[in-house]
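Here's final_34.tsv, which has TSV, C-alpha atoms:
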chain	number	residue	atom	x	y	z
A	1	MET	CA	242.06	75.56	-61.90
A	2	PRO	CA	240.98	76.72	-58.43
A	3	HIS	CA	237.99	75.08	-56.73
A	4	LEU	CA	234.98	77.26	-56.30
A	5	ILE	CA	232.96	77.50	-53.12
A	6	LEU	CA	229.22	77.78	-53.59
A	7	ARG	CA	227.70	80.27	-51.22
A	8	THR	CA	224.14	80.02	-49.92
A	9	ASP	CA	223.22	83.05	-52.02
A	10	ASN	CA	224.23	81.11	-55.15
A	11	THR	CA	227.26	83.29	-55.83
A	12	CYS	CA	230.62	81.65	-56.19
A	13	ALA	CA	233.73	82.52	-54.29
A	14	LEU	CA	237.31	81.46	-54.59
A	15	PRO	CA	238.86	79.81	-51.56
A	16	ARG	CA	240.51	82.46	-49.45
A	17	PHE	CA	244.10	81.56	-50.28
A	18	GLU	CA	243.33	81.60	-54.02
A	19	ALA	CA	241.56	84.93	-53.77
A	20	LYS	CA	244.52	86.34	-51.90
A	21	ARG	CA	246.92	85.14	-54.58
A	22	LEU	CA	244.78	86.51	-57.40
A	23	ASN	CA	244.26	89.81	-55.64
A	24	LYS	CA	248.00	90.10	-55.30
A	25	THR	CA	248.35	89.60	-59.06
A	26	VAL	CA	245.68	92.20	-59.79
A	27	MET	CA	247.30	94.56	-57.32
A	28	THR	CA	250.73	94.12	-58.88
A	29	ASN	CA	249.32	94.89	-62.32
A	30	GLU	CA	247.59	97.99	-61.04
A	31	LEU	CA	250.67	99.19	-59.19
A	32	SER	CA	252.49	99.07	-62.52
A	33	SER	CA	249.97	101.20	-64.35
A	34	TRP	CA	250.30	104.86	-65.23
A	35	ARG	CA	246.71	105.28	-64.20
A	36	PHE	CA	247.58	104.32	-60.62
A	37	ALA	CA	250.88	106.25	-60.62
A	38	VAL	CA	249.23	109.53	-61.54
A	39	PHE	CA	246.24	108.96	-59.23
A	40	SER	CA	248.55	108.19	-56.34
A	41	SER	CA	250.79	111.23	-56.97
A	42	HIS	CA	247.82	113.59	-57.02
A	43	LEU	CA	246.28	112.00	-53.94
A	44	HIS	CA	249.57	112.33	-52.06
A	45	HIS	CA	250.03	115.99	-52.88
A	46	PHE	CA	246.57	116.99	-51.77
A	47	ILE	CA	246.10	114.59	-48.83
A	48	PRO	CA	249.62	113.62	-47.70
A	49	GLU	CA	248.17	112.22	-44.46
A	50	ILE	CA	246.96	109.16	-46.35
A	51	PRO	CA	249.71	106.53	-46.03
A	52	TRP	CA	251.22	105.30	-49.30
A	53	GLU	CA	250.09	101.74	-48.65
A	54	GLU	CA	246.45	102.87	-48.58
A	55	HIS	CA	246.65	104.42	-52.05
A	56	ILE	CA	246.16	101.15	-53.88
A	57	VAL	CA	243.07	100.36	-51.78
A	58	ILE	CA	241.55	103.77	-52.50
A	59	PHE	CA	242.50	103.44	-56.16
A	60	GLN	CA	240.76	100.08	-56.49
A	61	LYS	CA	237.68	101.45	-54.73
A	62	TRP	CA	237.78	104.50	-57.02
A	63	GLU	CA	237.96	102.37	-60.16
A	64	GLN	CA	235.14	100.15	-58.98
A	65	TYR	CA	232.96	103.05	-57.85
A	66	HIS	CA	233.29	104.94	-61.14
A	67	SER	CA	232.83	101.93	-63.38
A	68	PRO	CA	229.56	101.49	-65.28
A	69	GLN	CA	229.19	98.18	-63.46
A	70	ASN	CA	228.73	99.91	-60.12
A	71	LYS	CA	225.27	98.73	-59.13
A	72	LEU	CA	225.13	101.18	-56.25
A	73	LEU	CA	224.57	103.93	-58.75
A	74	ASP	CA	221.00	103.42	-59.86
A	75	LEU	CA	218.16	105.91	-60.09
A	76	THR	CA	215.92	103.63	-58.03
A	77	ASN	CA	218.38	103.99	-55.13
A	78	MET	CA	218.51	107.76	-55.31
A	79	ARG	CA	216.35	110.31	-53.51
A	80	LEU	CA	216.22	114.07	-53.13
A	81	SER	CA	216.35	115.01	-49.46
A	82	ASN	CA	212.85	115.46	-48.08
A	83	LYS	CA	214.17	118.17	-45.76
A	84	ILE	CA	214.41	120.58	-48.68
A	85	ASP	CA	211.49	122.29	-50.40
A	86	TRP	CA	212.99	121.75	-53.84
A	87	HIS	CA	210.12	123.45	-55.65
A	88	GLY	CA	210.20	126.45	-53.36
A	89	LEU	CA	213.86	127.34	-54.01
A	90	PRO	CA	214.24	130.66	-55.84
A	91	ALA	CA	215.77	130.06	-59.27
A	92	GLY	CA	219.56	129.92	-58.98
A	93	ILE	CA	222.65	127.92	-59.84
A	94	LEU	CA	222.59	124.25	-58.85
A	95	VAL	CA	226.16	123.07	-58.30
A	96	LEU	CA	227.25	119.46	-58.59
A	97	PHE	CA	230.71	117.87	-58.51
A	98	HIS	CA	232.07	114.85	-60.36
A	99	LEU	CA	231.29	112.38	-57.60
A	100	GLY	CA	230.31	109.40	-59.72
A	101	ASP	CA	226.59	110.00	-59.38
A	102	HIS	CA	226.75	113.36	-61.15
A	103	LEU	CA	225.01	112.24	-64.34
A	104	PHE	CA	222.16	110.64	-62.44
A	105	TRP	CA	221.10	113.68	-60.42
A	106	PRO	CA	220.04	115.80	-63.42
A	107	GLN	CA	217.60	113.08	-64.40
A	108	LYS	CA	216.44	112.59	-60.81
A	109	LEU	CA	215.89	116.32	-60.37
A	110	ALA	CA	213.86	116.39	-63.59
A	111	ASP	CA	211.89	113.31	-62.52
A	112	GLU	CA	210.97	115.17	-59.34
A	113	GLY	CA	209.81	118.19	-61.32
A	114	VAL	CA	212.77	120.48	-60.67
A	115	ALA	CA	213.29	122.47	-63.88
A	116	PHE	CA	216.78	123.47	-64.95
A	117	ASP	CA	219.08	124.10	-67.87
A	118	LEU	CA	222.63	122.80	-67.96
A	119	VAL	CA	225.95	124.53	-68.69
A	120	MET	CA	228.81	122.46	-70.06
A	121	ASP	CA	232.05	122.81	-71.99
A	122	ARG	CA	231.59	122.45	-75.73
A	123	ALA	CA	234.30	119.74	-75.80
A	124	VAL	CA	232.21	117.57	-73.47
A	125	TRP	CA	229.22	117.86	-75.79
A	126	GLU	CA	231.28	117.08	-78.88
A	127	LYS	CA	232.83	114.01	-77.28
A	128	ASN	CA	229.62	112.63	-75.81
A	129	THR	CA	226.79	113.86	-77.99
A	130	ALA	CA	224.83	110.59	-77.97
A	131	VAL	CA	224.83	110.20	-74.17
A	132	LEU	CA	224.00	113.85	-73.61
A	133	THR	CA	221.19	113.82	-76.17
A	134	ALA	CA	219.67	110.84	-74.34
A	135	LEU	CA	220.06	112.63	-71.02
A	136	GLN	CA	218.42	115.72	-72.46
A	137	SER	CA	215.31	113.86	-73.54
A	138	ASN	CA	215.08	112.29	-70.08
A	139	CYS	CA	215.27	115.68	-68.40
A	140	THR	CA	211.89	117.08	-69.36
A	141	VAL	CA	209.79	118.94	-66.82
A	142	ASN	CA	206.22	119.99	-67.63
A	143	GLY	CA	206.90	119.36	-71.30
A	144	ALA	CA	209.96	121.65	-71.34
A	145	LYS	CA	213.23	119.96	-72.22
A	146	CYS	CA	216.41	120.91	-70.37
A	147	CYS	CA	218.48	123.26	-72.58
A	148	TYR	CA	222.23	122.89	-72.89
A	149	PHE	CA	224.35	126.03	-72.81
A	150	PHE	CA	228.03	126.10	-73.72
A	151	SER	CA	230.49	127.75	-71.36
A	152	ASP	CA	232.25	129.56	-74.23
A	153	ASP	CA	229.03	131.03	-75.65
A	154	PRO	CA	229.32	134.85	-75.65
A	155	MET	CA	225.55	134.94	-75.03
A	156	LEU	CA	225.79	132.61	-72.02
A	157	ILE	CA	224.99	135.22	-69.38
A	158	PHE	CA	221.85	136.31	-71.28
A	159	LYS	CA	220.70	132.72	-71.70
A	160	ILE	CA	221.16	132.07	-67.99
A	161	LYS	CA	219.31	135.29	-67.18
A	162	SER	CA	216.44	134.14	-69.35
A	163	SER	CA	216.33	130.71	-67.64
A	164	LEU	CA	216.25	132.29	-64.19
A	165	LYS	CA	213.48	134.65	-65.32
A	166	GLN	CA	211.46	131.60	-66.31
A	167	ARG	CA	212.10	130.21	-62.81
A	168	ARG	CA	214.38	127.52	-64.14
A	169	HIS	CA	217.60	126.74	-62.31
A	170	VAL	CA	220.92	126.45	-64.12
A	171	LEU	CA	223.01	123.40	-63.33
A	172	ILE	CA	226.80	123.69	-63.48
A	173	PHE	CA	229.52	121.22	-62.51
A	174	ALA	CA	231.98	123.23	-60.41
A	175	ASP	CA	234.88	120.92	-61.18
A	176	GLY	CA	233.83	120.34	-64.78
A	177	THR	CA	236.77	121.65	-66.70
A	178	SER	CA	237.15	119.36	-69.65
A	179	ALA	CA	240.38	120.85	-70.87
A	180	ALA	CA	242.87	123.47	-69.91
A	181	SER	CA	242.89	126.38	-72.27
A	182	ALA	CA	245.06	129.45	-72.56
A	183	HIS	CA	241.87	131.54	-72.42
A	184	ASP	CA	240.69	130.03	-69.15
A	185	LYS	CA	240.43	132.47	-66.32
A	186	ARG	CA	241.02	130.72	-63.03
A	187	VAL	CA	241.10	131.54	-59.36
A	188	GLU	CA	243.16	129.63	-56.86
A	189	VAL	CA	241.38	128.07	-53.93
A	190	ASP	CA	242.75	126.13	-50.98
A	191	PHE	CA	242.14	122.44	-51.39
A	192	PHE	CA	243.51	120.17	-48.69
A	193	ALA	CA	247.28	120.72	-48.55
A	194	GLU	CA	247.51	122.40	-51.95
A	195	LYS	CA	245.73	124.88	-54.18
A	196	LEU	CA	243.42	124.18	-57.09
A	197	ALA	CA	242.99	126.51	-60.06
A	198	VAL	CA	239.23	126.58	-60.61
A	199	LYS	CA	236.96	128.35	-63.06
A	200	PRO	CA	235.19	131.21	-61.30
A	201	GLY	CA	232.15	131.35	-63.62
A	202	ILE	CA	229.61	130.07	-61.08
A	203	ALA	CA	230.36	132.79	-58.55
A	204	LEU	CA	230.73	135.45	-61.23
A	205	ILE	CA	227.30	134.68	-62.71
A	206	SER	CA	225.78	134.62	-59.23
A	207	HIS	CA	227.19	138.07	-58.55
A	208	LEU	CA	226.24	139.56	-61.91
A	209	LEU	CA	222.68	138.22	-61.89
A	210	ASN	CA	222.24	138.38	-58.12
A	211	CYS	CA	221.07	134.77	-57.95
A	212	PRO	CA	221.73	132.17	-55.26
A	213	ILE	CA	224.12	129.25	-55.59
A	214	TYR	CA	222.99	125.88	-54.22
A	215	ALA	CA	225.84	123.44	-53.58
A	216	LEU	CA	224.51	119.89	-53.75
A	217	HIS	CA	226.20	116.80	-52.31
A	218	SER	CA	224.95	113.29	-51.92
A	219	HIS	CA	225.47	110.88	-49.08
A	220	THR	CA	224.48	107.29	-48.51
A	221	LYS	CA	221.98	106.20	-45.91
A	222	ASP	CA	220.80	102.59	-45.75
A	223	ASP	CA	222.10	101.97	-49.31
A	224	ILE	CA	220.12	104.94	-50.61
A	225	LEU	CA	221.93	107.95	-52.10
A	226	ILE	CA	220.34	111.16	-50.85
A	227	LEU	CA	220.94	114.53	-52.46
A	228	GLN	CA	221.34	117.28	-49.89
A	229	LEU	CA	221.59	121.02	-50.15
A	230	MET	CA	224.89	121.63	-48.38
A	231	TYR	CA	225.48	125.31	-48.83
A	232	ILE	CA	223.74	128.39	-50.20
A	233	SER	CA	225.69	131.41	-51.37
A	234	THR	CA	224.05	134.75	-52.07
A	235	ARG	CA	225.57	138.05	-53.12
A	236	ASP	CA	226.53	140.34	-50.32
A	237	SER	CA	226.44	143.98	-51.43
A	238	SER	CA	229.10	144.94	-48.87
A	239	VAL	CA	231.64	142.61	-50.51
A	240	SER	CA	233.43	143.40	-53.77
A	241	ARG	CA	232.87	141.13	-56.77
A	242	GLU	CA	236.42	139.79	-56.59
A	243	SER	CA	236.08	138.92	-52.90
A	244	TYR	CA	232.68	137.33	-53.42
A	245	VAL	CA	233.99	135.20	-56.29
A	246	LEU	CA	237.00	134.03	-54.31
A	247	GLN	CA	235.07	133.37	-51.08
A	248	THR	CA	232.31	131.52	-52.90
A	249	MET	CA	234.62	129.27	-54.90
A	250	GLN	CA	236.63	128.68	-51.76
A	251	SER	CA	233.49	127.61	-49.87
A	252	LEU	CA	232.32	125.33	-52.67
A	253	PHE	CA	235.62	123.47	-52.74
A	254	ALA	CA	235.89	123.42	-48.94
A	255	GLY	CA	232.58	121.56	-48.96
A	256	LEU	CA	233.92	119.13	-51.53
A	257	ALA	CA	237.07	118.59	-49.45
A	258	GLY	CA	234.96	117.84	-46.38
A	259	LEU	CA	233.20	115.08	-48.27
A	260	LEU	CA	236.39	113.68	-49.80
A	261	LEU	CA	238.10	113.51	-46.46
A	262	ARG	CA	235.68	110.72	-45.55
A	263	GLN	CA	235.34	109.23	-49.04
A	264	PRO	CA	238.36	110.12	-51.21
A	265	HIS	CA	237.41	107.48	-53.81
A	266	ARG	CA	234.32	109.44	-54.82
A	267	TRP	CA	236.09	112.20	-56.74
A	268	GLU	CA	236.45	111.25	-60.36
A	269	CYS	CA	238.93	114.06	-61.03
A	270	TRP	CA	241.85	112.45	-59.15
A	271	GLY	CA	242.73	110.62	-62.35
A	272	TYR	CA	242.99	113.63	-64.63
A	273	LEU	CA	243.61	116.73	-62.52
A	274	HIS	CA	246.83	117.36	-64.45
A	275	ARG	CA	244.91	117.59	-67.74
A	276	ASN	CA	242.15	120.03	-66.93
A	277	GLY	CA	244.21	122.96	-65.72
A	278	MET	CA	243.32	122.52	-62.05
A	279	TRP	CA	246.71	121.23	-60.98
A	280	ASP	CA	250.14	121.74	-62.55
A	281	PRO	CA	252.87	119.52	-61.09
A	282	ASN	CA	255.43	121.73	-62.84
A	283	LEU	CA	254.75	124.41	-60.25
A	284	LEU	CA	255.77	122.13	-57.40
A	285	TYR	CA	258.73	122.87	-55.28
A	286	LEU	CA	260.74	119.79	-56.10
A	287	ASN	CA	262.36	118.10	-53.22
A	288	LYS	CA	265.13	116.41	-55.11
A	289	ASP	CA	266.87	115.23	-51.98
A	290	GLU	CA	263.88	113.30	-50.77
A	291	LYS	CA	264.16	109.97	-52.48
A	292	MET	CA	262.52	107.19	-50.57
A	293	LEU	CA	261.93	103.93	-52.35
A	294	VAL	CA	258.33	103.87	-51.28
A	295	HIS	CA	257.57	106.84	-53.53
A	296	PHE	CA	258.63	105.05	-56.66
A	297	VAL	CA	256.33	103.06	-58.89
A	298	LYS	CA	257.78	100.77	-61.51
A	299	LEU	CA	256.11	101.29	-64.86
A	300	PRO	CA	256.45	99.75	-68.31
A	301	ILE	CA	257.58	102.12	-71.03
A	302	GLN	CA	258.18	101.56	-74.69
A	303	ASP	CA	261.69	100.17	-74.40
A	304	GLY	CA	261.65	98.56	-70.99
A	305	TRP	CA	260.95	99.80	-67.48
A	306	ALA	CA	261.01	103.11	-65.73
A	307	PHE	CA	260.56	104.36	-62.18
A	308	PHE	CA	258.14	107.16	-61.48
A	309	ASP	CA	258.76	109.34	-58.44
A	310	ARG	CA	255.31	110.16	-57.10
A	311	VAL	CA	256.59	112.99	-54.92
A	312	ASN	CA	258.49	114.91	-57.60
A	313	TYR	CA	256.58	113.72	-60.68
A	314	MET	CA	259.80	112.59	-62.38
A	315	LEU	CA	260.51	109.50	-64.38
A	316	TYR	CA	263.82	107.65	-64.24
A	317	HIS	CA	264.90	105.17	-66.89
B	1	MET	CA	271.75	103.36	-69.08
B	2	LYS	CA	268.61	101.34	-69.53
B	3	LEU	CA	266.77	99.36	-66.93
B	4	LYS	CA	265.70	95.87	-67.60
B	5	ASN	CA	263.07	94.14	-65.54
B	6	ILE	CA	264.81	94.75	-62.25
B	7	GLU	CA	263.77	96.14	-58.90
B	8	ILE	CA	265.33	99.21	-57.41
B	9	ARG	CA	266.65	98.06	-54.05
B	10	ASP	CA	268.89	100.99	-53.33
B	11	ILE	CA	268.31	104.63	-54.11
B	12	HIS	CA	271.84	104.90	-55.47
B	13	GLN	CA	270.72	102.77	-58.40
B	14	LEU	CA	268.98	105.89	-59.71
B	15	LYS	CA	272.36	107.51	-60.31
B	16	GLY	CA	273.23	107.36	-63.96
B	17	LEU	CA	269.64	106.94	-65.07
B	18	ASN	CA	267.95	109.39	-67.38
B	19	CYS	CA	265.59	111.69	-65.51
B	20	ILE	CA	262.54	112.92	-67.39
B	21	GLN	CA	260.73	115.98	-66.04
B	22	TRP	CA	256.94	116.10	-65.69
B	23	THR	CA	256.46	118.29	-68.79
B	24	GLU	CA	257.83	115.52	-70.94
B	25	VAL	CA	256.07	112.78	-68.99
B	26	SER	CA	252.79	114.64	-69.34
B	27	THR	CA	253.25	114.96	-73.11
B	28	MET	CA	254.01	111.26	-73.30
B	29	LEU	CA	250.86	110.46	-71.33
B	30	SER	CA	248.67	112.72	-73.41
B	31	LYS	CA	249.49	110.59	-76.45
B	32	ASP	CA	247.94	107.65	-74.67
B	33	ARG	CA	244.39	108.71	-73.97
B	34	GLU	CA	243.50	105.43	-72.30
B	35	ASP	CA	243.65	106.98	-68.86
B	36	ASP	CA	241.67	110.01	-69.93
B	37	GLU	CA	238.58	111.29	-68.20
B	38	MET	CA	236.17	108.73	-66.90
B	39	GLU	CA	233.51	111.28	-67.44
B	40	LEU	CA	230.27	110.15	-69.03
B	41	LYS	CA	230.91	106.43	-68.79
B	42	CYS	CA	227.38	105.83	-67.57
B	43	PRO	CA	225.74	103.41	-69.99
B	44	ILE	CA	223.50	102.04	-67.22
B	45	LEU	CA	221.53	105.25	-67.37
B	46	PHE	CA	220.41	104.77	-70.94
As structure tokens, please, write out the structure in this file.
Amino acid sequence: MPHLILRTDNTCALPRFEAKRLNKTVMTNELSSWRFAVFSSHLHHFIPEIPWEEHIVIFQKWEQYHSPQNKLLDLTNMRLSNKIDWHGLPAGILVLFHLGDHLFWPQKLADEGVAFDLVMDRAVWEKNTAVLTALQSNCTVNGAKCCYFFSDDPMLIFKIKSSLKQRRHVLIFADGTSAASAHDKRVEVDFFAEKLAVKPGIALISHLLNCPIYALHSHTKDDILILQLMYISTRDSSVSRESYVLQTMQSLFAGLAGLLLRQPHRWECWGYLHRNGMWDPNLLYLNKDEKMLVHFVKLPIQDGWAFFDRVNYMLYH
Amino acid sequence: MKLKNIEIRDIHQLKGLNCIQWTEVSTMLSKDREDDEMELKCPILF
């Protein structure tokens, strides 16, 4: 049993050598998890500049940041930027990304009197009805509850049009693709060293209804998370719909990439990019000759051990 | 050939092993939803 050191702030700490030993155990366990293997593969393909040895550090930070125990994520520590006239923005599409704080901002926006309705995939609603119902009752502005619209609703465009007419924004998660579907229409945008297949609905709606898109990102200042308006996109009549859609989606994800370059751990999607249709490792050019031991992660499988090649997404056993 | 709890110290050890392509790996992973989306794990909100 290791001795504990009592700190002046009444928290306990393990002696350094013990902590180092335990961390090594935790790290070894994590290195042998599929969760890490897939995270690391995706991270490598998009940002190959990050050295392999840093992956485990980013992974641990990512797991900690996105865990419900993360005390940094708290409504009392969140503010809307005071440089923006939030109530003066013409009704449009508010865009958020899955950056860990994404479920807090809807409530914060509503608390500050910004009215909006929210578009989501039906699968997300079906899987998380209780949480989303609670969120909905918290997002009430001037007595009007936030409405939920489903992305597969044939009447979606009319519902959004009606919201905008009532001067309510529509909030959409740009990277919120809960599942890949054969019916999904995607556009490919540059994203770091690779391409992401993203749903073009945000830009398409903006073009059809001639409404602005507001890309929102948060950053931390003095332990306070501040929501900023990073980018506004409006329809340009001299540009075709296809070009506008591609340019807009490209700009939205370029903004996301800029943020992730500094804080890669903030993007929740690293763990499941291969599931939501954004990234298909099968389309990789496989470099079968490149086999460096550092790429391999040893993983437990049903009948023993296997080695996963994080460059070529192949498993050897 | 099956691996026991051994380390790969030389790349040539991979020769003779079964190689599973990503399609199959992905199917295998989808059966284990443990590492599925972290989305909506925000009980501190409510």
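Relative to atom CA of A:Phe39, atom CA of A:Leu72 is found at 22.7 Å.
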Please find the residues of chain A near chain B - the criterion being any atom within 9 Å, counting only C-alpha atoms - and write them as a VMD selection string. chain A and resid 34 to 35 66 to 69 71 73 to 75 98 100 103 to 104 124 128 131 to 132 134 to 135 178 268 to 269 271 to 272 274 to 275 281 to 282 291 to 293 296 298 303 to 307 312 to 317
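Between atom CA of A:Ser233 and atom CA of A:Glu188 there is a distance of 18.4 Å.
A straight line drawn from atom CA of A:Leu109 to atom CA of A:Tyr231 is 17.5 Å long.
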Q. Using all atoms listed in the file, which residues sit within 12 Å of A:Glu49 once same-chain residues fewer than 5 positions away are excluded, as a PyMOL selection string?
A. chain A and resi 43-44+54-55+192-193+261
